[in-house]
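entry-v2.csv follows; it contains CSV, C-alpha atoms and all ligand atoms.
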```csv
chain,number,residue,atom,x,y,z
A,1,MET,CA,160.5,115.9,69.2
A,2,ALA,CA,162.0,116.7,72.5
A,3,LYS,CA,160.2,120.0,72.3
A,4,ASP,CA,157.0,118.2,71.3
A,5,GLY,CA,157.6,115.8,74.2
A,6,ALA,CA,158.2,118.7,76.5
A,7,GLU,CA,155.0,120.2,75.2
A,8,ASP,CA,153.2,116.9,75.8
A,9,ILE,CA,154.5,116.7,79.3
A,10,GLY,CA,153.6,120.4,79.7
A,11,SER,CA,150.0,119.8,78.7
A,12,VAL,CA,149.7,116.7,80.9
A,13,GLY,CA,151.2,118.7,83.7
A,14,THR,CA,148.7,121.5,83.0
A,15,ALA,CA,145.9,119.0,83.0
A,16,ALA,CA,147.2,117.4,86.2
A,17,SER,CA,147.4,120.8,88.0
A,18,THR,CA,143.9,121.7,86.7
A,19,ILE,CA,142.6,118.4,88.2
A,20,ALA,CA,144.6,119.1,91.4
A,21,GLU,CA,143.1,122.6,91.6
A,22,SER,CA,139.6,121.2,91.1
A,23,VAL,CA,140.2,118.5,93.7
A,24,GLU,CA,141.5,121.1,96.1
A,25,GLU,CA,138.5,123.4,95.3
A,26,PHE,CA,136.2,120.4,95.8
A,27,LEU,CA,137.7,119.6,99.1
A,28,SER,CA,137.5,123.2,100.2
A,29,ILE,CA,133.8,123.4,99.6
A,30,PRO,CA,132.0,122.9,102.9
A,31,LYS,CA,130.6,119.4,103.0
A,32,CYS,CA,127.1,120.8,103.4
A,33,MET,CA,127.3,122.6,100.0
A,34,LEU,CA,128.2,119.3,98.4
A,35,PHE,CA,125.1,117.6,99.6
A,36,THR,CA,122.6,120.4,98.9
A,37,SER,CA,121.1,118.6,95.9
A,38,ARG,CA,121.3,115.1,97.5
A,39,ILE,CA,117.7,115.1,98.5
A,40,PRO,CA,115.0,115.1,95.8
A,41,HIS,CA,112.3,117.8,95.6
A,42,ILE,CA,108.6,117.7,94.8
A,43,VAL,CA,106.3,120.5,93.5
A,44,LEU,CA,103.3,121.2,95.6
A,45,ASN,CA,99.8,122.2,94.4
A,46,ASP,CA,100.7,125.9,94.9
A,47,SER,CA,103.8,125.5,92.7
A,48,SER,CA,106.2,125.8,95.6
A,49,VAL,CA,109.0,123.2,95.8
A,50,MET,CA,109.6,121.0,98.9
A,51,PRO,CA,112.6,118.7,99.7
A,52,MET,CA,111.2,115.2,100.0
A,53,MET,CA,113.0,114.4,103.2
A,54,ALA,CA,112.6,116.4,106.4
A,55,PHE,CA,114.4,116.2,109.7
A,56,GLY,CA,111.8,115.9,112.5
A,57,THR,CA,112.3,118.0,115.7
A,58,GLY,CA,109.4,116.5,117.5
A,59,THR,CA,109.3,113.1,119.3
A,60,TYR,CA,112.8,112.5,120.7
A,61,TRP,CA,113.7,116.3,120.5
A,62,GLN,CA,110.4,117.7,121.9
A,63,LYS,CA,110.9,119.5,125.2
A,64,PRO,CA,108.7,118.5,128.1
A,65,HIS,CA,107.4,122.0,128.1
A,66,PRO,CA,107.5,124.3,124.9
A,67,GLU,CA,108.9,127.1,127.0
A,68,GLY,CA,111.7,124.9,128.2
A,69,PRO,CA,115.3,126.3,128.3
A,70,PHE,CA,117.2,127.0,125.2
A,71,THR,CA,119.4,123.9,124.5
A,72,ARG,CA,122.8,124.5,123.0
A,73,SER,CA,123.5,120.8,122.4
A,74,MET,CA,120.3,120.7,120.2
A,75,VAL,CA,121.6,123.5,118.1
A,76,GLU,CA,125.0,121.7,117.6
A,77,PHE,CA,123.2,118.5,116.6
A,78,PHE,CA,120.9,120.3,114.1
A,79,LYS,CA,124.1,121.9,112.6
A,80,ILE,CA,125.5,118.4,112.0
A,81,VAL,CA,122.2,117.5,110.4
A,82,ILE,CA,122.6,120.5,108.1
A,83,MET,CA,126.2,119.5,107.3
A,84,GLN,CA,124.9,116.0,106.4
A,85,GLY,CA,122.6,117.4,103.8
A,86,TYR,CA,119.2,118.1,105.3
A,87,ARG,CA,117.6,121.4,104.4
A,88,HIS,CA,114.0,120.7,105.6
A,89,PHE,CA,113.2,120.9,109.3
A,90,ASP,CA,109.8,119.9,110.7
A,91,CYS,CA,108.7,121.9,113.8
A,92,ALA,CA,105.6,122.7,115.8
A,93,ASP,CA,104.6,125.4,118.3
A,94,PHE,CA,104.6,122.9,121.1
A,95,TYR,CA,107.8,121.0,120.3
A,96,GLY,CA,109.9,123.8,121.9
A,97,THR,CA,112.5,123.4,119.2
A,98,GLU,CA,111.9,126.4,116.9
A,99,GLU,CA,114.5,128.6,118.5
A,100,GLU,CA,117.2,126.0,118.3
A,101,VAL,CA,116.3,125.3,114.6
A,102,GLY,CA,116.5,129.0,113.9
A,103,VAL,CA,119.9,129.4,115.5
A,104,ALA,CA,121.3,126.3,113.8
A,105,ILE,CA,120.2,127.7,110.4
A,106,GLN,CA,121.8,131.1,111.2
A,107,GLU,CA,125.0,129.6,112.5
A,108,SER,CA,125.3,127.2,109.5
A,109,GLY,CA,126.2,130.2,107.3
A,110,ILE,CA,123.9,128.9,104.6
A,111,PRO,CA,121.3,131.4,103.3
A,112,ARG,CA,117.8,131.1,104.8
A,113,GLU,CA,116.3,130.7,101.2
A,114,ASP,CA,118.2,127.4,100.9
A,115,PHE,CA,116.1,125.9,103.8
A,116,TYR,CA,112.6,124.7,104.0
A,117,ILE,CA,110.9,125.2,107.3
A,118,THR,CA,107.7,123.6,108.3
A,119,THR,CA,105.9,124.5,111.5
A,120,LYS,CA,102.5,123.6,112.9
A,121,VAL,CA,100.0,125.3,115.1
A,122,ARG,CA,98.4,123.3,117.9
A,123,ASP,CA,98.2,125.7,120.9
A,124,GLY,CA,97.2,128.8,119.1
A,125,MET,CA,94.2,127.7,117.1
A,126,ASP,CA,92.0,130.6,118.3
A,127,ASP,CA,94.3,133.0,116.3
A,128,VAL,CA,96.4,131.3,113.7
A,129,GLU,CA,98.1,134.5,112.6
A,130,ALA,CA,99.3,135.3,116.2
A,131,ALA,CA,100.5,131.7,116.5
A,132,LEU,CA,102.5,132.0,113.3
A,133,ASP,CA,103.9,135.4,114.5
A,134,ARG,CA,105.2,133.7,117.7
A,135,SER,CA,106.7,130.8,115.7
A,136,LEU,CA,108.4,133.3,113.3
A,137,LYS,CA,109.9,135.1,116.3
A,138,ARG,CA,111.2,131.9,117.8
A,139,LEU,CA,112.6,130.8,114.5
A,140,GLY,CA,114.2,134.2,113.8
A,141,THR,CA,112.8,134.3,110.3
A,142,HIS,CA,110.3,136.5,108.3
A,143,TYR,CA,108.5,133.5,106.8
A,144,VAL,CA,108.1,129.8,107.0
A,145,ASP,CA,107.8,127.6,103.9
A,146,LEU,CA,104.9,125.5,105.2
A,147,PHE,CA,102.4,126.2,108.0
A,148,LEU,CA,100.1,123.3,109.1
A,149,ILE,CA,97.2,122.9,111.5
A,150,TYR,CA,98.6,120.2,113.7
A,151,SER,CA,95.3,118.2,114.2
A,152,PRO,CA,91.6,118.5,113.6
A,153,SER,CA,91.0,117.8,117.3
A,154,PHE,CA,90.4,121.5,118.0
A,155,ALA,CA,87.1,121.4,116.0
A,156,ARG,CA,83.8,120.4,117.4
A,157,THR,CA,81.9,120.8,114.0
A,158,PRO,CA,82.8,120.7,110.3
A,159,GLN,CA,82.1,124.5,110.4
A,160,ASP,CA,85.0,124.9,112.9
A,161,LEU,CA,87.3,123.1,110.4
A,162,GLN,CA,86.1,125.4,107.6
A,163,HIS,CA,86.5,128.6,109.6
A,164,ALA,CA,90.0,127.6,110.6
A,165,TRP,CA,90.9,126.9,107.0
A,166,LYS,CA,89.7,130.3,105.8
A,167,GLU,CA,91.9,131.9,108.5
A,168,MET,CA,94.8,129.9,107.3
A,169,GLU,CA,94.2,131.0,103.7
A,170,LYS,CA,94.6,134.7,104.8
A,171,LEU,CA,98.1,134.0,105.9
A,172,VAL,CA,99.4,133.3,102.4
A,173,SER,CA,98.7,136.9,101.3
A,174,THR,CA,100.7,138.2,104.4
A,175,LYS,CA,103.7,136.3,102.9
A,176,LYS,CA,104.5,135.0,106.4
A,177,THR,CA,104.1,131.5,105.0
A,178,ARG,CA,104.5,130.2,101.4
A,179,SER,CA,102.2,127.2,101.8
A,180,ILE,CA,99.5,126.0,104.1
A,181,GLY,CA,98.3,122.6,105.0
A,182,VAL,CA,97.0,120.3,107.7
A,183,SER,CA,98.2,117.3,109.7
A,184,ASN,CA,96.4,114.3,111.1
A,185,TYR,CA,93.3,115.1,109.0
A,186,GLN,CA,91.2,112.1,107.9
A,187,ARG,CA,89.0,112.2,104.9
A,188,GLU,CA,86.0,113.4,106.9
A,189,HIS,CA,88.0,116.4,108.0
A,190,ILE,CA,89.4,117.3,104.6
A,191,GLU,CA,86.1,117.1,102.7
A,192,PRO,CA,84.4,120.0,104.6
A,193,VAL,CA,87.6,122.0,104.1
A,194,LEU,CA,87.6,121.4,100.3
A,195,GLU,CA,84.0,122.6,100.2
A,196,VAL,CA,85.1,126.1,101.1
A,197,ALA,CA,88.7,126.2,100.1
A,198,THR,CA,90.0,128.8,97.7
A,199,LEU,CA,93.5,127.4,98.3
A,200,LYS,CA,93.5,123.7,98.8
A,201,PRO,CA,95.8,122.3,101.6
A,202,ALA,CA,99.2,121.8,100.0
A,203,VAL,CA,100.1,119.0,102.4
A,204,ASN,CA,98.5,116.6,104.8
A,205,GLN,CA,101.1,115.3,107.3
A,206,ILE,CA,100.0,111.8,108.5
A,207,GLU,CA,101.3,108.6,109.9
A,208,PHE,CA,102.6,106.6,107.0
A,209,HIS,CA,104.4,103.2,107.0
A,210,PRO,CA,103.6,99.7,105.8
A,211,TYR,CA,101.7,98.7,108.9
A,212,ALA,CA,99.5,101.9,108.9
A,213,ARG,CA,97.2,100.7,106.1
A,214,CYS,CA,97.1,104.3,104.7
A,215,LEU,CA,97.6,103.7,101.0
A,216,ASP,CA,93.9,104.1,100.0
A,217,TYR,CA,93.7,107.4,101.8
A,218,ALA,CA,97.1,108.5,100.3
A,219,TYR,CA,95.7,107.7,96.8
A,220,TRP,CA,92.6,109.8,97.6
A,221,LEU,CA,94.7,112.7,98.7
A,222,GLU,CA,96.9,112.4,95.6
A,223,ASP,CA,93.7,112.5,93.5
A,224,ASN,CA,92.8,115.7,95.2
A,225,ASN,CA,96.3,117.1,94.6
A,226,ILE,CA,97.2,117.2,98.3
A,227,GLN,CA,100.8,116.0,99.0
A,228,VAL,CA,101.2,113.4,101.7
A,229,GLN,CA,104.0,113.9,104.2
A,230,GLY,CA,104.6,110.8,106.3
A,231,PHE,CA,105.7,110.5,109.9
A,232,PHE,CA,106.4,107.4,112.0
A,233,GLY,CA,107.9,106.0,108.8
A,234,LEU,CA,110.3,103.8,110.7
A,235,ALA,CA,107.6,102.3,113.0
A,236,PRO,CA,108.2,98.7,111.8
A,237,LEU,CA,111.7,99.1,113.3
A,238,ASN,CA,110.8,100.8,116.6
A,239,LEU,CA,107.2,101.4,117.7
A,240,SER,CA,105.8,98.3,115.9
A,241,SER,CA,108.8,96.0,115.7
A,242,GLY,CA,108.1,92.3,116.0
A,243,GLY,CA,105.8,92.3,112.9
A,244,PRO,CA,106.2,90.3,109.7
A,245,LEU,CA,108.5,92.8,108.1
A,246,ASP,CA,111.2,91.8,110.6
A,247,ARG,CA,112.0,88.9,108.3
A,248,VAL,CA,111.7,90.8,105.0
A,249,LEU,CA,113.5,94.1,105.6
A,250,PRO,CA,116.9,92.7,106.5
A,251,CYS,CA,117.0,90.7,103.2
A,252,ILE,CA,116.0,93.8,101.1
A,253,ALA,CA,118.5,96.0,103.0
A,254,HIS,CA,121.2,93.4,102.3
A,255,ILE,CA,120.5,93.4,98.5
A,256,TYR,CA,121.1,97.2,98.4
A,257,ASP,CA,123.8,97.3,101.1
A,258,VAL,CA,121.8,99.8,103.2
A,259,ASN,CA,120.2,99.9,106.6
A,260,GLU,CA,116.5,98.8,106.9
A,261,ASN,CA,115.6,102.4,107.8
A,262,ALA,CA,116.7,103.5,104.2
A,263,VAL,CA,114.5,100.7,102.8
A,264,LEU,CA,111.4,102.0,104.7
A,265,ILE,CA,112.1,105.6,103.7
A,266,GLN,CA,112.6,104.6,100.1
A,267,TRP,CA,109.3,102.6,100.3
A,268,MET,CA,107.5,105.8,101.3
A,269,LEU,CA,109.2,107.9,98.6
A,270,SER,CA,108.2,105.2,96.0
A,271,TYR,CA,104.6,106.1,96.6
A,272,GLY,CA,105.3,109.8,96.1
A,273,VAL,CA,105.0,110.4,99.9
A,274,THR,CA,107.6,112.8,101.4
A,275,SER,CA,109.2,111.6,104.6
A,276,ILE,CA,110.0,113.1,108.0
A,277,SER,CA,112.4,111.1,110.1
A,278,THR,CA,114.5,111.9,113.1
A,279,SER,CA,117.4,110.4,115.0
A,280,ARG,CA,119.8,111.4,117.8
A,281,ASP,CA,122.7,109.7,116.0
A,282,PRO,CA,124.6,111.1,113.0
A,283,VAL,CA,125.4,107.6,111.8
A,284,ARG,CA,121.7,106.8,111.5
A,285,ILE,CA,121.2,110.1,109.6
A,286,GLU,CA,123.8,109.0,107.1
A,287,GLN,CA,121.9,105.7,106.8
A,288,TYR,CA,118.7,107.7,106.0
A,289,LEU,CA,120.5,109.7,103.3
A,290,LYS,CA,121.5,106.5,101.5
A,291,VAL,CA,118.0,106.7,100.2
A,292,THR,CA,119.3,109.1,97.6
A,293,GLU,CA,121.7,106.5,96.2
A,294,PHE,CA,119.4,103.6,95.3
A,295,LYS,CA,115.9,102.9,94.0
A,296,LEU,CA,113.8,100.0,95.3
A,297,ASP,CA,112.7,97.5,92.7
A,298,GLU,CA,108.9,97.9,92.1
A,299,GLY,CA,108.4,94.2,93.0
A,300,LEU,CA,110.1,94.8,96.4
A,301,VAL,CA,108.0,97.9,97.0
A,302,SER,CA,104.9,95.7,96.5
A,303,LEU,CA,106.3,92.9,98.7
A,304,ILE,CA,106.7,95.4,101.6
A,305,THR,CA,103.2,96.7,101.0
A,306,VAL,CA,101.7,93.2,101.0
A,307,VAL,CA,103.6,91.9,104.0
A,308,GLY,CA,102.8,95.2,105.8
A,309,ASN,CA,99.1,94.8,105.2
A,310,ALA,CA,99.2,91.3,106.7
A,311,ASN,CA,100.2,92.7,110.0
A,312,ASN,CA,97.7,92.8,112.9
A,313,ILE,CA,99.8,95.1,115.1
A,314,CYS,CA,98.6,98.7,115.4
A,315,THR,CA,100.9,101.5,116.3
A,401,LIG,N1,102.2,115.7,112.8
A,401,LIG,C1,102.3,114.8,113.7
A,401,LIG,O1,101.3,114.5,114.4
A,401,LIG,C2,103.6,114.1,114.0
A,401,LIG,C3,103.5,112.9,114.9
A,401,LIG,C4,104.8,112.3,115.1
A,401,LIG,C5,105.9,112.8,114.5
A,401,LIG,N2,105.9,113.9,113.7
A,401,LIG,C6,107.1,114.4,113.1
A,401,LIG,O2,107.8,113.3,112.5
A,401,LIG,C7,109.2,113.3,113.1
A,401,LIG,C8,109.7,111.9,113.0
A,401,LIG,O3,108.9,111.0,113.9
A,401,LIG,P1,109.5,109.7,114.5
A,401,LIG,O4,110.3,110.0,115.7
A,401,LIG,O5,108.4,108.7,114.7
A,401,LIG,O6,110.4,109.2,113.3
A,401,LIG,P2,110.8,107.9,112.7
A,401,LIG,O7,111.7,108.4,111.7
A,401,LIG,O8,109.7,107.0,112.3
A,401,LIG,O9,111.6,107.1,113.9
A,401,LIG,C9,112.8,107.7,114.4
A,401,LIG,C10,113.4,106.8,115.3
A,401,LIG,O10,113.7,105.5,114.7
A,401,LIG,C11,114.9,105.0,115.3
A,401,LIG,N3,115.6,104.2,114.3
A,401,LIG,C12,116.2,104.5,113.1
A,401,LIG,N4,116.7,103.5,112.5
A,401,LIG,C13,116.4,102.4,113.3
A,401,LIG,C14,116.8,101.0,113.2
A,401,LIG,N5,117.4,100.5,112.1
A,401,LIG,N6,116.4,100.2,114.2
A,401,LIG,C15,115.7,100.7,115.3
A,401,LIG,N7,115.3,102.0,115.4
A,401,LIG,C16,115.7,102.8,114.5
A,401,LIG,C17,115.7,106.2,115.7
A,401,LIG,O11,116.4,106.0,116.9
A,401,LIG,P3,117.8,106.8,117.2
A,401,LIG,O12,117.3,108.1,117.7
A,401,LIG,O13,118.3,106.0,118.3
A,401,LIG,O14,118.6,106.8,116.0
A,401,LIG,C18,114.7,107.3,115.9
A,401,LIG,O15,114.5,107.6,117.3
A,401,LIG,C19,109.0,113.9,114.5
A,401,LIG,O16,110.2,114.3,115.0
A,401,LIG,C20,108.1,115.0,114.2
A,401,LIG,O17,108.8,116.1,113.6
A,401,LIG,C21,104.7,114.5,113.4
```

Show me the file's structure as structure tokens.
Ligand SMILES: NC(=O)c1ccc[n+]([C@@H]2O[C@H](COP(=O)([O-])OP(=O)(O)OC[C@H]3O[C@@H](n4cnc5c(N)ncnc54)[C@H](OP(=O)(O)O)[C@@H]3O)[C@@H](O)[C@H]2O)c1
Amino acid sequence: MAKDGAEDIGSVGTAASTIAESVEEFLSIPKCMLFTSRIPHIVLNDSSVMPMMAFGTGTYWQKPHPEGPFTRSMVEFFKIVIMQGYRHFDCADFYGTEEEVGVAIQESGIPREDFYITTKVRDGMDDVEAALDRSLKRLGTHYVDLFLIYSPSFARTPQDLQHAWKEMEKLVSTKKTRSIGVSNYQREHIEPVLEVATLKPAVNQIEFHPYARCLDYAYWLEDNNIQVQGFFGLAPLNLSSGGPLDRVLPCIAHIYDVNENAVLIQWMLSYGVTSISTSRDPVRIEQYLKVTEFKLDEGLVSLITVVGNANNICT
């Protein structure tokens, strides 16, 4: 009996030490590895896979001049963002942040393949391959995951849009980008592109929040198998604060014990739209990532939509 008891104690002891080992192992895993799968992914029309939440390196982070000096503090901040769980960075040739994103990724020690890098061409529309080459050099990588035309404003005619798209399509076979897409394109810009496209745009990056009245267009894009990626998602809290959602969002946030920013990001994801947000505050970034821990009730998604549509304020 004593022997049996000893055996029992032994097996409990073994179990305890196994648990202790796994806890120790768990704690020794870099925090960033633990959060790798925190953010949901979506499959694009070219079968590639994109994390549904991106960290934006424009707006607040954009340098006054794209050739501005290398900023070490930006690299350190982006490394924190990686530690917190983001693997998708949104850049553009004119943000001036590609070099810092590339260094942050390298210094994170996490393999390049675990990241998803989006960049956009605005300044090099006359030769998109040369523009992509410059971005790759600044990012210190051989490929980006998604390369977007920043805006249709370069085009004077529908033929200009079509010609640019055919040039973008050539980039996929060079393997310098996995996916191609557009940004700020309205339906009248996408339609001529679709007339000539062999590869459809995988993504259209547009303003998307409850005050933007963009749902009909988003449904049209979805019907055409083009993924919507939304920016200015937090506009009701900053650019367009003072609208009718000011009274609704705090109540919903209270129900889920999250910040209002997480409610707005979750609202976007509920429509299958991927989100790009940014912040200069790690606490805010943790608030954004709470999105992965709850799902908004469908009725509340509709409530936000209806109240948002009632707003007269434009961003
Ligand atoms: N393709 C395009 O034309 C285009 C255009 C615009 C943006 N973008 C991309 O989208 C990214 C995100 O754009 P965005 O800056 O408009 O992002 P956003 O995610 O809508 O807003 C971010 C701002 O919201 C503030 N915020 C967060 N929570 C808040 C709260 N509870 N109350 C008040 N303010 C709050 C943050 O302030 P703190 O910094 O103080 O936390 C942050 O500066 C850009 O960086 C860029 O990569 C693309």

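The smallest atom-to-atom distance between A:Glu222 and any of A:Asp160, A:Tyr271, A:Ser183, A:Asn261, using only C-alpha atoms, is found for A:Tyr271.
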
Self-check item: Expected selection as a list in words for ligand LIG 401 (chain A) within 6 Å, all atoms listed in the file
Solution: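 The residues near ligand LIG 401 (chain A) are Gly56, Thr57, Gly58, Thr59, Asp90, Cys91, Tyr150, Ser183, Asn184, Gln205, Phe231, Phe232, Gly233, Leu234, Ala235, Leu237, Asn238, Glu260, Asn261, Ile276, Ser277, Thr278, Ser279, Arg280, Asp281 and Arg284 of chain A.
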
Self-check item: Pick from A:Leu239, A:Ala130, A:Ala212, A:Val43, whichever lies nearest to A:Ile226 using all atoms listed in the file
Solution: A:Val43

Quiz item: Of the candidates A:Val248, A:Leu296, A:Ala92, A:Val193, which shows the shortest atom-to-atom distance to A:Leu269, using only C-alpha atoms?
Solution: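 Ranking A:Val248, A:Leu296, A:Ala92, A:Val193 by distance to A:Leu269, first place goes to A:Leu296.
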
Exercise. Do a neighbour search on stretch 66-77 of chain A at 10 Å with all atoms listed in the file, toss out local chain neighbours closer than 2 positions, and write the hits as a PyMOL selection string.
Key: chain A and resi 57+61-64+79-83+92-105+107-108+280-282

Practice problem: State, in Å with one decimal place, the distance from atom CA of A:Thr118 to atom CA of A:Gln84. | Solution: 18.9 Å

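Taking atom CA of A:Glu169 and atom CA of A:His142 as the two end points, the separation is 17.6 Å.
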
Exercise. Measure the distance from atom CA of A:Arg134 to atom CA of A:Phe55 in Å and round it to one decimal.
Key: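 If I compute the distance from atom CA of A:Arg134 to atom CA of A:Phe55, I get 21.3 Å.
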
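When all atoms listed in the file are used to measure the gap to A:Val144, the shortest distance among A:Ser241, A:Gln106, A:Ser179, A:Gln287 belongs to A:Ser179.
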
Exercise. Find, counting all atoms listed in the file, the residue in A:Gly243, A:Leu300, A:Asp46, A:Arg122 that gets nearest to A:Asn225.
Key: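 Closest to A:Asn225 of all the choices is A:Asp46.
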